Every structure is written in C-alpha cells, then in structure tokens.
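Pasted below: protein_35.txt, compact mmCIF, C-alpha atoms.
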# COMPACT_ATOMS: atom_id res chain seq x y z
CA MET A 1 -7.38 -22.90 -10.23
CA LYS A 2 -10.60 -21.88 -8.50
CA GLY A 3 -10.21 -18.86 -6.23
CA ASN A 4 -11.27 -20.64 -3.06
CA GLU A 5 -8.90 -23.55 -3.73
CA ALA A 6 -6.02 -21.17 -4.50
CA ILE A 7 -6.56 -19.39 -1.18
CA ALA A 8 -6.55 -22.71 0.67
CA GLU A 9 -3.34 -23.90 -0.99
CA ALA A 10 -1.69 -20.51 -0.41
CA ALA A 11 -2.62 -20.72 3.27
CA ILE A 12 -0.84 -24.06 3.59
CA ARG A 13 2.22 -22.66 1.84
CA GLY A 14 2.05 -19.69 4.22
CA GLY A 15 2.42 -22.06 7.16
CA CYS A 16 -1.18 -22.70 8.17
CA LYS A 17 -1.35 -25.89 10.24
CA PHE A 18 -4.85 -25.64 11.71
CA PHE A 19 -8.21 -24.91 10.11
CA PHE A 20 -11.56 -24.75 11.88
CA GLY A 21 -14.74 -23.91 10.00
CA TYR A 22 -18.36 -24.60 9.20
CA PRO A 23 -19.93 -24.91 5.73
CA ILE A 24 -21.63 -22.01 3.99
CA THR A 25 -21.85 -21.06 0.31
CA PRO A 26 -19.95 -19.59 -1.56
CA GLN A 27 -16.74 -20.51 0.33
CA ASN A 28 -17.19 -24.24 0.77
CA GLU A 29 -14.25 -25.17 -1.46
CA ILE A 30 -11.89 -23.72 1.18
CA PRO A 31 -12.76 -26.14 4.02
CA GLU A 32 -13.16 -28.96 1.50
CA TYR A 33 -9.63 -28.36 0.17
CA MET A 34 -8.18 -27.96 3.66
CA SER A 35 -9.79 -31.21 4.84
CA ARG A 36 -7.78 -33.05 2.19
CA ARG A 37 -4.51 -31.13 2.17
CA LEU A 38 -3.86 -30.29 5.83
CA PRO A 39 -3.42 -33.93 6.95
CA GLU A 40 -0.90 -34.35 4.11
CA VAL A 41 1.33 -31.64 5.65
CA GLY A 42 0.90 -32.71 9.27
CA GLY A 43 -1.83 -30.22 10.03
CA VAL A 44 -5.27 -30.49 11.58
CA TYR A 45 -8.65 -29.87 9.94
CA LEU A 46 -11.79 -29.90 12.02
CA GLN A 47 -15.33 -29.06 10.98
CA ALA A 48 -16.86 -27.42 14.04
CA GLU A 49 -20.48 -27.77 15.08
CA SER A 50 -21.08 -24.07 14.38
CA GLU A 51 -19.36 -20.86 13.36
CA VAL A 52 -19.24 -19.80 17.02
CA ALA A 53 -17.39 -22.99 17.92
CA ALA A 54 -15.05 -22.63 14.95
CA ILE A 55 -13.86 -19.12 15.83
CA ASN A 56 -13.28 -20.15 19.44
CA MET A 57 -11.18 -23.09 18.22
CA VAL A 58 -9.19 -20.52 16.24
CA TYR A 59 -8.87 -18.54 19.49
CA GLY A 60 -7.41 -21.58 21.25
CA ALA A 61 -4.97 -22.55 18.51
CA ALA A 62 -3.76 -18.97 18.09
CA ALA A 63 -3.23 -18.70 21.87
CA ALA A 64 -1.01 -21.79 21.62
CA GLY A 65 1.08 -20.02 18.97
CA ALA A 66 -0.13 -22.02 15.96
CA ARG A 67 -0.74 -20.60 12.49
CA VAL A 68 -4.49 -21.01 12.13
CA MET A 69 -7.20 -19.98 9.69
CA THR A 70 -10.97 -20.03 9.38
CA SER A 71 -13.22 -19.09 6.48
CA SER A 72 -16.88 -18.35 6.03
CA SER A 73 -19.33 -16.13 4.20
CA SER A 74 -21.26 -13.10 5.40
CA PRO A 75 -23.84 -14.55 7.87
CA GLY A 76 -21.19 -16.97 9.15
CA ILE A 77 -18.73 -14.15 9.73
CA SER A 78 -21.46 -12.33 11.67
CA LEU A 79 -21.62 -15.29 14.05
CA LYS A 80 -17.85 -15.11 14.53
CA GLN A 81 -17.74 -11.46 15.55
CA GLU A 82 -17.70 -12.04 19.31
CA GLY A 83 -14.76 -14.41 18.97
CA LEU A 84 -12.95 -12.00 16.66
CA SER A 85 -13.33 -9.23 19.22
CA TYR A 86 -11.83 -11.51 21.90
CA ILE A 87 -8.97 -12.60 19.61
CA ALA A 88 -8.15 -8.99 18.67
CA ALA A 89 -8.25 -7.93 22.34
CA CYS A 90 -5.85 -10.75 23.21
CA GLU A 91 -3.59 -9.69 20.31
CA LEU A 92 -3.58 -13.15 18.80
CA PRO A 93 -2.56 -13.69 15.17
CA CYS A 94 -4.88 -15.60 12.82
CA VAL A 95 -6.25 -15.40 9.28
CA VAL A 96 -9.94 -15.13 8.43
CA VAL A 97 -11.41 -15.38 4.92
CA ASN A 98 -14.80 -13.84 4.15
CA MET A 99 -16.23 -14.65 0.72
CA MET A 100 -19.07 -12.15 0.79
CA ARG A 101 -22.59 -12.96 -0.37
CA GLY A 102 -25.59 -10.71 -0.78
CA GLY A 103 -27.31 -9.51 2.38
CA PRO A 104 -28.50 -8.29 4.81
CA GLY A 105 -29.62 -11.23 6.89
CA LEU A 106 -29.39 -14.65 5.31
CA GLY A 107 -29.51 -12.98 1.89
CA GLY A 108 -28.40 -14.93 -1.18
CA ILE A 109 -25.27 -16.66 -2.45
CA GLN A 110 -24.44 -14.22 -5.26
CA PRO A 111 -21.34 -11.98 -5.00
CA SER A 112 -21.52 -8.81 -2.96
CA GLN A 113 -19.36 -6.27 -1.15
CA SER A 114 -21.82 -5.42 1.58
CA ASP A 115 -19.61 -6.57 4.48
CA TYR A 116 -17.15 -3.67 4.13
CA PHE A 117 -18.39 -1.93 7.27
CA GLN A 118 -18.35 -5.21 9.22
CA ALA A 119 -14.78 -5.97 8.18
CA THR A 120 -13.14 -2.55 8.41
CA LYS A 121 -15.04 -0.91 11.26
CA GLY A 122 -14.77 -3.72 13.77
CA GLY A 123 -17.91 -5.82 13.45
CA GLY A 124 -17.81 -6.92 17.08
CA HIS A 125 -17.68 -4.88 20.25
CA GLY A 126 -14.94 -2.66 21.62
CA ASP A 127 -12.14 -0.59 20.11
CA TYR A 128 -10.44 -3.06 17.83
CA ARG A 129 -9.46 -3.43 14.19
CA LEU A 130 -8.74 -6.22 11.78
CA ILE A 131 -6.14 -5.87 9.05
CA VAL A 132 -8.25 -6.23 5.89
CA PHE A 133 -7.19 -6.90 2.30
CA GLY A 134 -9.48 -6.90 -0.77
CA PRO A 135 -7.77 -8.89 -3.56
CA ALA A 136 -8.97 -8.44 -7.14
CA SER A 137 -7.74 -11.66 -8.77
CA VAL A 138 -7.05 -15.28 -7.91
CA GLN A 139 -3.31 -14.60 -8.12
CA GLU A 140 -3.52 -11.63 -5.78
CA ALA A 141 -5.74 -13.58 -3.38
CA ALA A 142 -3.16 -16.37 -3.27
CA ASP A 143 -0.25 -13.95 -2.78
CA ILE A 144 -1.97 -12.05 0.02
CA THR A 145 -3.20 -15.17 1.79
CA ALA A 146 0.27 -16.71 1.85
CA GLU A 147 1.72 -13.49 3.26
CA ALA A 148 -1.16 -12.93 5.69
CA PHE A 149 0.19 -15.37 8.29
CA SER A 150 3.50 -13.52 8.50
CA ILE A 151 1.64 -10.19 8.75
CA ALA A 152 -0.64 -11.57 11.48
CA ASP A 153 2.35 -12.86 13.47
CA TYR A 154 4.33 -9.64 13.03
CA TYR A 155 1.56 -7.37 14.27
CA ARG A 156 -0.08 -9.97 16.58
CA ASN A 157 -3.40 -9.14 14.96
CA PRO A 158 -6.12 -10.97 12.98
CA VAL A 159 -5.92 -10.51 9.20
CA MET A 160 -9.03 -10.78 7.03
CA ILE A 161 -9.07 -11.64 3.32
CA LEU A 162 -12.23 -9.91 2.08
CA GLY A 163 -13.36 -11.36 -1.25
CA ASP A 164 -16.71 -11.93 -2.83
CA GLY A 165 -18.43 -15.00 -4.16
CA ALA A 166 -17.24 -14.35 -7.72
CA LEU A 167 -13.58 -14.30 -6.67
CA GLY A 168 -14.00 -17.56 -4.81
CA GLN A 169 -15.75 -19.32 -7.67
CA MET A 170 -13.84 -18.05 -10.71
CA MET A 171 -10.91 -19.97 -12.21
CA GLU A 172 -7.67 -18.25 -13.27
CA PRO A 173 -4.04 -19.26 -13.69
CA VAL A 174 -2.14 -18.95 -10.41
CA GLU A 175 1.52 -19.24 -9.45
CA PHE A 176 2.44 -20.01 -5.86
CA ARG A 177 5.38 -17.78 -5.13
CA PRO A 178 7.81 -18.12 -2.23
CA VAL A 179 6.58 -16.38 0.92
CA GLU A 180 8.84 -13.64 2.29
CA GLU A 181 8.67 -14.03 6.05
CA ARG A 182 9.09 -10.97 8.22
CA GLU A 183 11.64 -11.06 11.01
CA LEU A 184 9.51 -12.52 13.75
CA SER A 185 10.12 -12.69 17.47
CA PRO A 186 9.66 -16.00 19.30
CA LYS A 187 6.13 -16.44 20.59
CA THR A 188 7.13 -16.30 24.25
CA TRP A 189 3.61 -15.14 25.07
CA ALA A 190 1.99 -18.36 23.83
CA VAL A 191 0.30 -20.90 26.07
CA THR A 192 2.65 -23.82 25.46
CA GLY A 193 3.11 -25.27 28.94
CA SER A 194 4.81 -23.67 31.92
CA ARG A 195 7.48 -26.08 33.06
CA GLY A 196 10.36 -24.03 34.45
CA ARG A 197 8.65 -20.67 34.03
CA ARG A 198 5.63 -18.68 35.11
CA PRO A 199 2.42 -19.59 33.25
CA ASN A 200 1.31 -17.35 30.38
CA ILE A 201 -2.23 -16.10 30.78
CA ILE A 202 -4.12 -14.91 27.69
CA THR A 203 -7.40 -13.19 28.43
CA SER A 204 -9.45 -10.22 27.30
CA LEU A 205 -11.10 -9.84 30.72
CA GLU A 206 -9.77 -6.81 32.56
CA LEU A 207 -11.85 -5.47 35.43
CA GLU A 208 -9.48 -2.66 36.46
CA PRO A 209 -10.47 0.40 34.34
CA ALA A 210 -6.99 1.89 34.26
CA LEU A 211 -5.46 -1.36 33.02
CA LEU A 212 -8.22 -1.81 30.43
CA GLU A 213 -7.63 1.70 29.16
CA LYS A 214 -3.91 0.87 28.96
CA LEU A 215 -4.78 -2.09 26.72
CA ASN A 216 -6.93 0.13 24.49
CA LEU A 217 -4.15 2.69 24.19
CA ARG A 218 -1.66 -0.02 23.26
CA LEU A 219 -4.02 -1.38 20.61
CA ALA A 220 -4.63 2.12 19.23
CA ALA A 221 -0.88 2.68 18.94
CA LYS A 222 -0.53 -0.62 17.09
CA TYR A 223 -3.31 0.28 14.64
CA GLU A 224 -1.61 3.63 14.00
CA LYS A 225 1.65 1.79 13.26
CA ILE A 226 -0.22 -0.55 10.89
CA GLY A 227 -1.65 2.53 9.19
CA ARG A 228 1.84 3.85 8.55
CA GLU A 229 3.38 0.59 7.36
CA LEU A 230 0.77 -1.52 5.60
CA VAL A 231 -1.10 0.75 3.17
CA ARG A 232 -1.44 -0.85 -0.27
CA PHE A 233 -3.14 0.36 -3.43
CA ASP A 234 -2.93 0.22 -7.21
CA THR A 235 -3.75 2.68 -9.99
CA TYR A 236 -4.64 2.43 -13.67
CA ARG A 237 -4.41 5.27 -16.23
CA LEU A 238 -4.61 7.80 -13.42
CA GLU A 239 -1.61 9.94 -14.42
CA ASP A 240 -3.57 12.46 -16.54
CA ALA A 241 -7.08 11.59 -15.36
CA HIS A 242 -9.77 14.22 -14.80
CA TRP A 243 -12.06 11.67 -13.11
CA ALA A 244 -11.06 8.94 -10.67
CA ILE A 245 -13.11 5.79 -10.24
CA VAL A 246 -12.46 4.16 -6.85
CA ALA A 247 -13.24 0.45 -6.53
CA TYR A 248 -11.78 -2.57 -4.76
CA GLY A 249 -11.76 -6.31 -5.23
CA MET A 250 -13.61 -7.82 -8.17
CA MET A 251 -15.50 -4.58 -8.72
CA ALA A 252 -12.20 -2.89 -9.58
CA ARG A 253 -11.81 -5.21 -12.56
CA VAL A 254 -15.13 -4.05 -13.99
CA ALA A 255 -14.19 -0.46 -13.22
CA ARG A 256 -10.91 -0.91 -15.11
CA ALA A 257 -12.90 -1.87 -18.23
CA ALA A 258 -15.09 1.19 -17.65
CA VAL A 259 -11.97 3.38 -17.62
CA ASP A 260 -11.01 2.07 -21.08
CA LYS A 261 -14.53 2.67 -22.38
CA ALA A 262 -14.52 6.20 -20.98
CA ARG A 263 -11.14 6.94 -22.56
CA ALA A 264 -12.51 5.71 -25.91
CA ARG A 265 -15.32 8.26 -25.54
CA GLY A 266 -12.93 11.10 -24.78
CA ILE A 267 -13.32 11.16 -21.00
CA LYS A 268 -10.01 11.13 -19.16
CA ALA A 269 -10.79 8.59 -16.46
CA GLY A 270 -8.51 6.57 -14.21
CA LEU A 271 -8.84 3.93 -11.51
CA PHE A 272 -7.69 4.01 -7.89
CA ARG A 273 -7.88 0.54 -6.31
CA PRO A 274 -7.46 0.16 -2.55
CA ILE A 275 -5.84 -3.21 -1.78
CA SER A 276 -5.59 -2.69 1.97
CA LEU A 277 -9.07 -1.74 3.19
CA PHE A 278 -7.82 -1.32 6.74
CA PRO A 279 -5.57 0.57 6.74
CA PHE A 280 -7.36 2.50 3.99
CA PRO A 281 -4.99 4.33 1.60
CA SER A 282 -6.32 7.76 2.58
CA THR A 283 -3.16 9.79 2.03
CA PRO A 284 -2.48 8.53 -1.54
CA LEU A 285 -6.14 9.06 -2.40
CA ALA A 286 -6.05 12.59 -0.99
CA LYS A 287 -3.18 13.36 -3.38
CA VAL A 288 -5.35 12.22 -6.30
CA ALA A 289 -7.83 14.93 -5.30
CA GLU A 290 -5.23 17.52 -6.23
CA GLN A 291 -5.47 16.57 -9.93
CA VAL A 292 -9.00 15.26 -10.66
CA ARG A 293 -12.34 17.05 -10.97
CA GLY A 294 -14.27 14.40 -9.08
CA PHE A 295 -14.49 10.83 -7.81
CA LEU A 296 -16.91 8.00 -8.54
CA ALA A 297 -16.90 5.23 -5.92
CA VAL A 298 -18.28 1.98 -7.33
CA GLU A 299 -19.30 -0.93 -5.11
CA MET A 300 -21.43 -4.04 -5.01
CA SER A 301 -23.38 -2.55 -2.10
CA MET A 302 -25.53 0.47 -1.35
CA GLY A 303 -22.39 2.43 -0.48
CA GLN A 304 -19.93 1.63 2.31
CA MET A 305 -16.36 2.19 1.09
CA VAL A 306 -17.55 5.53 -0.33
CA GLU A 307 -17.54 6.89 3.24
CA ASP A 308 -13.79 6.22 3.53
CA VAL A 309 -13.29 7.89 0.14
CA LYS A 310 -15.10 10.99 1.38
CA LEU A 311 -13.03 11.02 4.59
CA ALA A 312 -9.84 10.81 2.53
CA VAL A 313 -10.86 13.54 0.10
CA LEU A 314 -12.20 15.82 2.87
CA GLY A 315 -14.37 17.85 0.53
CA ARG A 316 -11.56 18.87 -1.81
CA ARG A 317 -13.48 17.34 -4.73
CA PRO A 318 -17.01 15.94 -5.08
CA VAL A 319 -17.38 12.23 -4.37
CA HIS A 320 -20.22 10.39 -6.11
CA PHE A 321 -21.43 6.83 -5.78
CA TYR A 322 -22.74 4.10 -8.02
CA GLY A 323 -23.60 0.63 -6.74
CA ARG A 324 -25.82 -2.40 -7.15
CA ALA A 325 -26.92 -4.70 -4.35
CA GLY A 326 -28.43 -8.09 -3.72
CA GLY A 327 -25.79 -9.97 -5.69
CA ILE A 328 -26.02 -7.90 -8.91
CA VAL A 329 -22.62 -6.98 -10.37
CA PRO A 330 -22.56 -3.55 -12.07
CA THR A 331 -21.39 -3.68 -15.68
CA ALA A 332 -18.70 -1.52 -17.23
CA GLN A 333 -21.40 0.10 -19.36
CA GLU A 334 -23.38 1.09 -16.28
CA ILE A 335 -20.30 2.66 -14.71
CA LEU A 336 -19.56 4.50 -17.96
CA GLN A 337 -23.10 5.90 -18.04
CA ALA A 338 -22.77 7.05 -14.43
CA LEU A 339 -19.48 8.76 -15.29
CA GLU A 340 -20.93 10.43 -18.38
CA GLY A 341 -23.74 11.79 -16.22
CA LEU A 342 -21.21 13.38 -13.89
CA VAL A 343 -19.39 15.00 -16.81
CA ARG A 344 -22.65 16.36 -18.23
CA ASP A 345 -23.66 17.78 -14.85
CA ARG A 346 -20.30 19.44 -14.42
CA ASN A 347 -20.38 20.88 -17.95
CA LYS A 348 -23.85 22.27 -17.33
CA ALA A 349 -22.74 23.86 -14.07
CA SER A 350 -19.67 25.30 -15.78
CA ARG A 351 -21.76 26.85 -18.55
CA GLU A 352 -24.27 28.32 -16.11
CA GLY A 353 -21.45 29.71 -14.01
CA GLY A 354 -19.66 31.22 -16.99
CA ASP A 355 -16.73 28.86 -16.53
CA ALA A 356 -14.91 27.92 -19.73
CA GLY A 357 -13.71 24.61 -18.24
CA ALA A 358 -16.42 22.44 -19.78
CA GLU A 359 -15.18 18.98 -20.81
CA GLY A 360 -15.99 17.56 -24.24
CA PHE A 361 -16.67 13.90 -24.90
CA ARG A 362 -18.19 11.92 -27.70
CA THR A 363 -21.85 11.09 -27.15
CA THR A 364 -22.42 9.14 -30.37
CA GLY A 365 -21.14 5.83 -31.63
CA SER A 366 -20.89 2.40 -30.07
CA SER A 367 -19.92 2.15 -26.46
CA ASN A 368 -20.08 -1.60 -26.14

What would you get if you wrote out this structure as structure tokens?
Amino acid sequence: MKGNEAIAEAAIRGGCKFFFGYPITPQNEIPEYMSRRLPEVGGVYLQAESEVAAINMVYGAAAAGARVMTSSSSPGISLKQEGLSYIAACELPCVVVNMMRGGPGLGGIQPSQSDYFQATKGGGHGDYRLIVFGPASVQEAADITAEAFSIADYYRNPVMILGDGALGQMMEPVEFRPVEERELSPKTWAVTGSRGRRPNIITSLELEPALLEKLNLRLAAKYEKIGRELVRFDTYRLEDAHWAIVAYGMMARVARAAVDKARARGIKAGLFRPISLFPFPSTPLAKVAEQVRGFLAVEMSMGQMVEDVKLAVLGRRPVHFYGRAGGIVPTAQEILQALEGLVRDRNKASREGGDAGAEGFRTTGSSN
C-alpha cells in the first residue's frame, strides 16, 4: 500500500470522522483517499478553498469534540501555523500530517526533512508545542496515525505525523492492527449545544495577563508530562558501538544500511532513531554518550535535529553532522564516508596526543 493511502486508512480506523484539506504534492493521495472512504463510514470530507480555511475547519470540528485530521506538505503547513497556534492554545485534539518537501519557500516536491524546526519548535506564535512523531516505514506510519487520535484526545493536544515525500509515495506491505484506546474522559468541554447547562466557550483570547500566564503555565505542565510519558525511540546494533549515528524517519533506514557497511569495514557503529521528535528522547540519548566516542547526526536538511542531539549530549561527546538538502537523499555510502572521516580524525588526534586509543578499520576492498 502506498504510504499516503496507508495513513489515510489508518486514520479512519483510528476514529477520524472529519477531514479538511487542500491539495499539494506530495501528499495528495491522503485527501483523495479520504474523499472516497470517509463517506463510506459516515464521515465528512471537504476540500477547503485554502490551507488557512482548512485548518480553521479543523479548529471548529475539534471544538465540537470530533476526531478530525488535515494533511499538507511544507508550504501548506506554513499557512496553517496560525490556526495550529490557536488550536494548541485552546487545547483541542486533532491530527496533522506533514509530508515534507524540499524548501525553503515553495521549493520542490522531492523528499526532505527541513521542517523539523517548524514541527518541533512551535512554528506559529506563542508558547505551545505539538506532539510530533517521525515514522520510518509505511507500517509504522499506519500504526502511529491510528494511535494518534487517542493520544490527541488523551492530552488534548494536536499531534503531527512528520514524514517526507518518499514515505508518502513508497509502497510497502501494511497490516492494520487494532487500536488500543487510552482511558478517555468524556469531552464535557466540547461545544455541543447548551440545553440544560451553561454554554462552553472555547477561545484563545485572554486579555487579563494573570489569566493568560495561568494558561501558559498549565500548557507548560502538560508538555512536561508529555515529555515524561511519550518518549519513543529505537536502536540498531548500538550495544557495543563506538560511534552512534542519529537519524529519524526515512533517513534512519539509509543510516541503518550505513551501520552495516561500517561494521563490515571494522567500525563499530550503531543507530539511534528518535520516533517521538517532540518529546525528543534526550535522556536515552544522553545515556548513549556514556559508551560511544562520538555522534553523527544525519538529516535531509542543512542540520536541524542535530541541535536537539547536542542539547541531549551536553558536550559529553562530540556531535557531528552530515546532511543533504533540496530533495537529495544521502546514500549509505556517503554516510559511511562521513563516518570514516570522523574515525580518521580521531585516530590522528589520538596519535598526536600520545593516546593509544586509536581505532583500526579496513580502508581497502569494496564498500558497495
């Protein structure tokens, strides 16, 4: 199944009843699929006149307590940032899919990871956060999307599925597994009519500074709770690794192949793959620093996630970066060469410093 279609089907199985969006490549299969399937399950699909309109339709449906989703790609997500800030401030649950394309600006339609800052650092205005996941396969994208509605309801917070164009366009086998719903409270806050009770008012406008600060403090406490409860990551051949490659999403799959190539050349490499990008798995990554000699962050950008890696490591070990931009996907061979360069530099420094800890690795033979 194509990645975009799997995400759409998983959303329906996760309880999504409303979808509002606007076309943009490379995510168009999501609204196309939803336009066909949602009416079959009693849901509503509506193509809005713009991305701005779409995210405000999401705002309205979420305020009414519905399970709602929108999807777009980088420039379209930029247009939705004001609405996302409002939705987060109102503590409304919804799911947003961003299939990233190359940027900045209008950019191109090839895969990229250059929206990491936008997704994990807010994107819009004010002190708010999205819960962000970076799946690495069609199966994982389907699993996370189906669960995302329950997570959004539980924390009353928007959840973003951050993929790239390659994930959305590639085809892989996928199994739609039963969704484990969290224990959820009734949505007594929703705007569902007020017969027999006081009306619910959902707004992000608060003119009294003390009350607005109270909202910010409550949001901050929620984000701290999310940071304790929702961290997710995966590792590969990291147990005895001297070097840790850190990569997320589709880039992690290439990095995994680079780990195998490095091991074949005698370099003990391993992979650390963040799955939750906010909250970032800082504490588990900091523990990795206790065993490795250095980190190599690999991204399809000019370097964004690498800043979170450095914050997690806090100078305990050197953190290096390798990335390509503009829609170019780094190859496993490129990553291997970057890693070999780090080993050579460290060996040279060790020799010059009289340190006997130089690391040997094979420099001849095929590395394809």

Considering all atoms listed in the file, return as an MDAnalysis selection string whatever protein or nucleic-acid residues lie within 8 Å of Leu162 in chain A, sequence-local ones (same chain, fewer than 3 positions apart) excluded.
chainID A and resid 97:100 119 132:135

So how many Å separate CA of Gly165 in chain A and CA of Gln139 in chain A, to one decimal?
15.6 Å

Show me, as a PyMOL selection string, the residues that have an atom within 12 Å of range 342-351 of chain A when counting all atoms listed in the file, minus same-chain residues fewer than 2 positions from it.
chain A and resi 242-245+262+265-269+293-296+318-322+335-340+353-363

Counting all atoms listed in the file, the option among A:Ala247, A:Leu167, A:Val68, A:Ala10 closest to Val179 in chain A:
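Checking each candidate against Val179 in chain A, we get A:Ala10 as the closest.
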
Could you check the closest approach to Arg237 in chain A for each of A:Arg273, A:Glu208, A:Gly249, A:Arg198 and tell me which residue wins, using all atoms listed in the file?
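Of all the options, A:Arg273 lies closest to Arg237 in chain A.
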
Could the residues of range 255-345 of chain A that have an atom at most 10 Å from range 216-233 of chain A be listed as JSON lines, each with its closest atom pair and the distance in Å to one decimal, counting all atoms listed in the file and ordered by chain and ascending residue number?
{"residue": "A:Phe272", "atom": "CA", "partner": "A:Phe233", "partner_atom": "CA", "distance": 7.3}
{"residue": "A:Arg273", "atom": "CA", "partner": "A:Phe233", "partner_atom": "CA", "distance": 5.5}
{"residue": "A:Pro274", "atom": "CA", "partner": "A:Phe233", "partner_atom": "CA", "distance": 4.4}
{"residue": "A:Ile275", "atom": "CA", "partner": "A:Phe233", "partner_atom": "CA", "distance": 4.8}
{"residue": "A:Ser276", "atom": "CA", "partner": "A:Arg232", "partner_atom": "CA", "distance": 5.1}
{"residue": "A:Leu277", "atom": "CA", "partner": "A:Val231", "partner_atom": "CA", "distance": 8.3}
{"residue": "A:Phe278", "atom": "CA", "partner": "A:Gly227", "partner_atom": "CA", "distance": 7.7}
{"residue": "A:Pro279", "atom": "CA", "partner": "A:Gly227", "partner_atom": "CA", "distance": 5.0}
{"residue": "A:Phe280", "atom": "CA", "partner": "A:Val231", "partner_atom": "CA", "distance": 6.6}
{"residue": "A:Pro281", "atom": "CA", "partner": "A:Val231", "partner_atom": "CA", "distance": 5.5}
{"residue": "A:Ser282", "atom": "CA", "partner": "A:Val231", "partner_atom": "CA", "distance": 8.8}
{"residue": "A:Thr283", "atom": "CA", "partner": "A:Val231", "partner_atom": "CA", "distance": 9.3}
{"residue": "A:Pro284", "atom": "CA", "partner": "A:Phe233", "partner_atom": "CA", "distance": 8.4}
{"residue": "A:Leu285", "atom": "CA", "partner": "A:Phe233", "partner_atom": "CA", "distance": 9.3}

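With distances taken over all atoms listed in the file, A:Ala63 is the one residue among A:Asn4, A:Ala63, A:Leu106, A:Leu314 lying closest to Thr203 in chain A.
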
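Interatomic distance, CA of Gln118 in chain A to CA of Arg101 in chain A: 13.0 Å.
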
Point-to-point distance in Å for CA of Gly126 in chain A and CA of Ala141 in chain A:
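We find that CA of Ala141 in chain A and CA of Gly126 in chain A lie 28.8 Å from each other.
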
From (-25.0, -9.2, -7.9), in the file's coordinates, out to 12 Å: which residues are reached, counting all atoms listed in the file? Answer as a tab-separated table (two decimals) with C-alpha atoms, in the coordinates of the input.
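The result, stored in result15.tsv:
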chain	number	residue	atom	x	y	z
A	100	MET	CA	-19.07	-12.15	0.79
A	101	ARG	CA	-22.59	-12.96	-0.37
A	102	GLY	CA	-25.59	-10.71	-0.78
A	103	GLY	CA	-27.31	-9.51	2.38
A	107	GLY	CA	-29.51	-12.98	1.89
A	108	GLY	CA	-28.40	-14.93	-1.18
A	109	ILE	CA	-25.27	-16.66	-2.45
A	110	GLN	CA	-24.44	-14.22	-5.26
A	111	PRO	CA	-21.34	-11.98	-5.00
A	112	SER	CA	-21.52	-8.81	-2.96
A	113	GLN	CA	-19.36	-6.27	-1.15
A	114	SER	CA	-21.82	-5.42	1.58
A	164	ASP	CA	-16.71	-11.93	-2.83
A	165	GLY	CA	-18.43	-15.00	-4.16
A	166	ALA	CA	-17.24	-14.35	-7.72
A	250	MET	CA	-13.61	-7.82	-8.17
A	251	MET	CA	-15.50	-4.58	-8.72
A	299	GLU	CA	-19.30	-0.93	-5.11
A	300	MET	CA	-21.43	-4.04	-5.01
A	301	SER	CA	-23.38	-2.55	-2.10
A	302	MET	CA	-25.53	0.47	-1.35
A	323	GLY	CA	-23.60	0.63	-6.74
A	324	ARG	CA	-25.82	-2.40	-7.15
A	325	ALA	CA	-26.92	-4.70	-4.35
A	326	GLY	CA	-28.43	-8.09	-3.72
A	327	GLY	CA	-25.79	-9.97	-5.69
A	328	ILE	CA	-26.02	-7.90	-8.91
A	329	VAL	CA	-22.62	-6.98	-10.37
A	330	PRO	CA	-22.56	-3.55	-12.07
A	331	THR	CA	-21.39	-3.68	-15.68

Report as JSON the centre and the edge lengths, in Å to one decimal, of the axis-aligned box holding every listed atom of range 332-341 of chain A, padded by 8 Å on each side.
{"center_x": -21.2, "center_y": 5.1, "center_z": -16.9, "size_x": 21.0, "size_y": 29.3, "size_z": 20.9}

Select all residues near (-21.0, -24.6, -2.4) (cut-off 12 Å, inclusive, file coordinates), counting all atoms listed in the file, and output them as JSON, numbers by chain.
{"A": [4, 22, 23, 24, 25, 26, 27, 28, 29, 30, 31, 32, 72, 73, 99, 101, 109, 110, 165, 168, 169]}

Using all atoms listed in the file, which residue out of A:Ala297, A:Ala11, A:Val306, A:Val246 lies closest to Glu147 in chain A?
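Once distances to Glu147 in chain A are computed over all atoms listed in the file, the minimum belongs to A:Ala11.
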
When you count all atoms listed in the file, which of these residues is closest to Arg263 in chain A: A:Ala286, A:Tyr86, A:Tyr236, A:His125?
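Nearest candidate to Arg263 in chain A out of A:Ala286, A:Tyr86, A:Tyr236, A:His125: A:Tyr236.
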
Would you kindly return, as a PDB file with C-alpha atoms, in the coordinates of the input, each protein, DNA or RNA residue with an atom no farther than 10 Å from any atom of Leu79 in chain A, considering all atoms listed in the file and excluding same-chain residues fewer than 4 positions away?
ATOM      1  CA  SER A  50     -21.080 -24.070  14.380  1.00  0.00           C
ATOM      2  CA  GLU A  51     -19.360 -20.860  13.360  1.00  0.00           C
ATOM      3  CA  VAL A  52     -19.240 -19.800  17.020  1.00  0.00           C
ATOM      4  CA  ALA A  53     -17.390 -22.990  17.920  1.00  0.00           C
ATOM      5  CA  ALA A  54     -15.050 -22.630  14.950  1.00  0.00           C
ATOM      6  CA  ILE A  55     -13.860 -19.120  15.830  1.00  0.00           C
ATOM      7  CA  SER A  72     -16.880 -18.350   6.030  1.00  0.00           C
ATOM      8  CA  SER A  74     -21.260 -13.100   5.400  1.00  0.00           C
ATOM      9  CA  PRO A  75     -23.840 -14.550   7.870  1.00  0.00           C
ATOM     10  CA  GLY A  83     -14.760 -14.410  18.970  1.00  0.00           C
ATOM     11  CA  LEU A  84     -12.950 -12.000  16.660  1.00  0.00           C
ATOM     12  CA  GLY A 124     -17.810  -6.920  17.080  1.00  0.00           C
TER      13      GLY A 124
END

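Comparing the minimum interatomic distances between Arg182 in chain A and each of A:Arg256, A:Gly3, A:Gly163, A:Gly14, counting all atoms listed in the file, we find that A:Gly14 sits nearest.
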